[in-house]
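Below you'll find the structure, written out as structure tokens, and then a few comments.
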Amino acid sequence: MDLESRNIYLQDVPLNEALERWHAVLAEHGLLEPLSAETIPLDQALGRVTATPVWAKISSPHYHAAAMDGYAVRAEMTRGATETNPLRLKIGEEAFPVDTGDPLPPNTNAVIMIENTHLVSQPDGDSIEILASTPPWRYVRPMGEDIVATELVLPANHRIRPQDIGAIAGSGHTEVTVYRRPRVAILPTGTELVRPGEPLKPGDIIEYNSLVLGAMAEEAGALVTRLPIEADHREAIQAAVERALLDHDLVVVNAGSSAGSEDFTASIVRELGVLCVHGIAIRPGHPVILGVARNRAIAGIPGYPVSAAITFDLIVRPLLYRWQGQLPPERPVIDAVLTRKVVSPMGEDEFLRVSLGRVGERVVATPLSTGAGVLMSLVKADGIVTIPRFSEGYHAGETVKVELLRSPRTIDNTIVAIGSHDMTLDLLADFLQRRHPHLRLSSSHVGSISGLLALQRNEAHFAGSHLLDEETGEYNLSYVQKMLAEQGVHGVLLGFVQRTQGLIVPKGNPKRVETLEDLLRKDIVFVNRQRGAGTRVLLDYELKKRGVSPRSIQGYERMEYTHLAVAAAVKSGAADCGLGILAAARALDLDFVPLFEERYDLVIPQEHYASWLLRPLLDLICDRASGFAAAVEALGGYGVAHMGKVLGEF
């Protein structure tokens, strides 16, 4: 491979090919083999990897040791002892007192437990009386029972566990030779970045990628240096990279890996060494840079947090383990059923984050946000679904392979809620996990109608719903009768909260928005909820009552999926107001114009309502002594009079 062909500039290189190119150049520079060895004390050895075999210097035990408290004897001298013909052995001549761990006296080869002897005092000295003979080596740990001198204790390339440390020490060692830990430098770049805790102004971005990537590297056994933020000045970034290359095995430059005017990483790598790859056909994480500079590995990782974490996991993490003579730990893979259709662009391997839970006999996977900047999609993710680069995605109901980020037991103990968003569900999840650490509530916010459809398909344990029947003015029951009961799904409608819906407006309500009719004003930009959301159903019902056309409202077609997202749009200035709940306005320090009272219920199929999995959660809801109802009221804008009451069956 000549130098020119290595200088790839922002192409769509398949992941496997990208790794092959990088590894080939690393190998040319001797950078693909395990790192050099070092010898460390045993109290520092946990989690390290042996660079050489550990051979036993001594046997363990290194003498014949008593395994019980009692008397050491020569077994042959106990022959003939029975209950009818007890045998006496003189202490100090034929029987010798020993405690557990004592060396056997010379010419003895067995121990009789003290409780199986009777002390007999005689003028010429004490004796013991035994009622049974003993075979040789009973209750004796012979020399080398555990470890024999020269025996292999641990092979090379073995990650040291607590029990291994004991075996190394027991075989006569005080130190062990291990691979040194990889030294990794992480350089965050970007003029817009500020350190956590610093005052923020519009345009500032809190720099936390170095914390995330550093923690991932440390989890893989590396020693991490988090370098100071460098602004987007090429000379300064290059100087920081050159300094880091002096004493680190790998330098990770975070951000600046794309093709923008201030993306300098690729040209710096090319100038300092070999640019192997610039652009990998993966999503998220396309603008990855891989190379070698000054005989060190170097990687440019995208700035978006999910892109950064995914690419580090796929590309850098395996190298860190390889340098320590290890393969990355394998994650379990299970089958799961997708709850909704996923469309993926052709040409890139996509790594889709999903939340998981076992509903009935199958595991369901609910896709999370695909945005490269949505770090919470990784926080909430239970697993990753890989969509191959020549696939257009998966259909709802299709079975897919999921690489788990949590244990299978955690997935089995997850309560799945799909439906309308309400902040009280987050509060309920916190109460549940604090009181029952083995259980978890995972909620996906897709709107009330989509939640009922998920129950219809047996994809959730319950759904939050606040659907208003325009004809009767009642909430939820007519919908669950039609969408569930008539489809053969039966259960209960459980009262949860009454809440106030109103207009979320900026602090001080500068445009004096007071009624729904104000949404018709030309100076008002509205932000709406998605189709199928109970809040949108309520809005459309109230607009219809007033004879107001939705088309007359500026921003009616802009959709958000949660009350907090509506509040965030108002807080950012992207909208002047949006319909939502008081708790969301309070959460972002916004003002609130109350308009309507509504009921938010939980729709629970009977099989789940009666299950052991939901019982602790239902106890929290129904028992006022749990403190949950009081915590809900403290949020503001909520009533709990119906909480825990069965309002209807379907």
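Just so we're on the same page: first chain in the structure tokens is A, next is B, and so on; residues restart at 1 for each chain, and ligands are numbered from 1 in the order they show up.
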
Test item: residues at most 9 Å from range 195-208 of chain A, only C-alpha atoms, excluding those fewer than 6 positions along its chain, as a list of chain:residue names: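 The residues that qualify are A:Pro188, A:Ile229, A:Pro305.
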
Keeping N, CA and C atoms for every residue in the selection just given, could you write it to a file as a tab-separated table (two decimals), in the first residue's frame?
chain	number	residue	atom	x	y	z
A	188	PRO	N	-9.89	17.08	23.63
A	188	PRO	CA	-11.13	17.68	23.13
A	188	PRO	C	-10.82	18.99	22.40
A	229	ILE	N	-9.04	21.53	26.88
A	229	ILE	CA	-9.73	21.85	25.63
A	229	ILE	C	-8.85	22.75	24.77
A	305	PRO	N	-21.87	13.24	20.76
A	305	PRO	CA	-21.58	12.30	21.85
A	305	PRO	C	-21.89	10.84	21.54

At a cut-off of 10 Å, using only C-alpha atoms, what residues contact Arg599 in chain A? Leave out same-chain residues fewer than 6 positions from it and give the result as a short mmCIF file (atom, residue, chain, number, x, y, z; two decimals) with N, CA and C atoms, in the first residue's frame.
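What landed in result-v2.cif:
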data_model
loop_
_atom_site.label_atom_id
_atom_site.label_comp_id
_atom_site.auth_asym_id
_atom_site.auth_seq_id
_atom_site.Cartn_x
_atom_site.Cartn_y
_atom_site.Cartn_z
N SER A 465 -52.50 6.96 29.20
CA SER A 465 -53.43 7.44 28.19
C SER A 465 -54.30 8.58 28.76
N HIS A 466 -54.58 9.56 27.91
CA HIS A 466 -55.52 10.64 28.28
C HIS A 466 -56.29 11.07 27.03
N LEU A 467 -57.03 10.11 26.48
CA LEU A 467 -57.77 10.33 25.24
C LEU A 467 -59.20 10.74 25.56
N LEU A 468 -59.56 11.90 25.07
CA LEU A 468 -60.89 12.46 25.33
C LEU A 468 -61.86 12.04 24.23
N GLU A 474 -65.87 11.82 28.08
CA GLU A 474 -65.19 10.90 28.98
C GLU A 474 -63.78 10.61 28.47
N TYR A 475 -62.94 10.20 29.41
CA TYR A 475 -61.56 9.88 29.05
C TYR A 475 -61.33 8.37 28.95
N ASN A 476 -60.70 7.97 27.86
CA ASN A 476 -60.04 6.66 27.70
C ASN A 476 -60.95 5.45 27.49
N GLY A 495 -56.98 4.47 37.62
CA GLY A 495 -56.78 5.89 37.82
C GLY A 495 -55.35 6.20 38.22
N PHE A 496 -54.82 7.29 37.68
CA PHE A 496 -53.44 7.67 38.01
C PHE A 496 -53.40 9.12 38.50
N VAL A 497 -53.51 10.08 37.60
CA VAL A 497 -53.48 11.49 38.04
C VAL A 497 -54.51 12.30 37.27
N GLN A 498 -54.96 13.36 37.91
CA GLN A 498 -55.65 14.43 37.19
C GLN A 498 -54.61 15.54 37.02
N ARG A 499 -54.60 16.13 35.86
CA ARG A 499 -53.57 17.14 35.63
C ARG A 499 -54.14 18.33 34.87
N THR A 500 -53.46 19.44 35.01
CA THR A 500 -53.86 20.68 34.35
C THR A 500 -53.06 20.83 33.06
N TYR A 638 -51.04 18.63 39.66
CA TYR A 638 -51.56 17.27 39.65
C TYR A 638 -52.54 17.07 40.81
N GLY A 639 -53.58 16.25 40.56
CA GLY A 639 -54.44 15.74 41.61
C GLY A 639 -54.34 14.23 41.65
N HIS A 642 -57.98 9.97 42.25
CA HIS A 642 -58.32 8.70 41.62
C HIS A 642 -57.15 7.72 41.56
#

10 Å contact set for Leu432 in chain A, only C-alpha atoms, chain neighbours under 3 positions out, as a ChimeraX atom specification: /A:426-429,435-441,616-621,628

Nearby residues (only C-alpha atoms) at most 12 Å from Ala634 in chain A, same-chain spacing under 3 positions excluded, as a ChimeraX atom specification: /A:424,427,582-583,586,627-631,637-640

DSSP strand (DSSP E) residues within range 258-500 of chain A, listed as a PyMOL selection string: chain A and resi 273-278+282-283+289-293+296-301+333-338+342-343+349-359+362-367+383-387+393-394+399-404+414-419+440-445+463-465+491-500

For range 552-560 of chain A: contacts at 7 Å, only C-alpha atoms, fewer than 6 positions along chain excluded, given as a list in words: Leu519, Leu520, Ile524, Val525, Phe526, Val527, Asn528, Arg529, Gln530 and Val566 of chain A

Distance in Å - CA of Val379 in chain A versus CA of Ala185 in chain A: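 Calculated distance between CA of Val379 in chain A and CA of Ala185 in chain A is 24.3 Å.
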
For Thr108 in chain A, the nearest of the candidates A:Thr134, A:Ser307, A:Thr50, A:Gln606, counting only C-alpha atoms: A:Thr134

Range 389-399 of chain A environment, 7 Å, only C-alpha atoms, sequence neighbours closer than 5 positions dropped, as a list in words: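 Everything that qualifies: Asp335, Ala336, Val337, Leu338, Thr339, Arg340, Lys341, Val342, Val343, Ser344, Pro345, Met346, Gly347, Glu348, Asp349 and Glu350 of chain A.
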
Contacts of Thr472 in chain A within 12 Å, only C-alpha atoms, excl. fewer than 6 positions in-chain, as a ChimeraX atom specification: /A:478-479,541

d(CA of Ile289 in chain A, CA of Lys380 in chain A) in Å: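 Distance reported for this atom pair: 27.8 Å.
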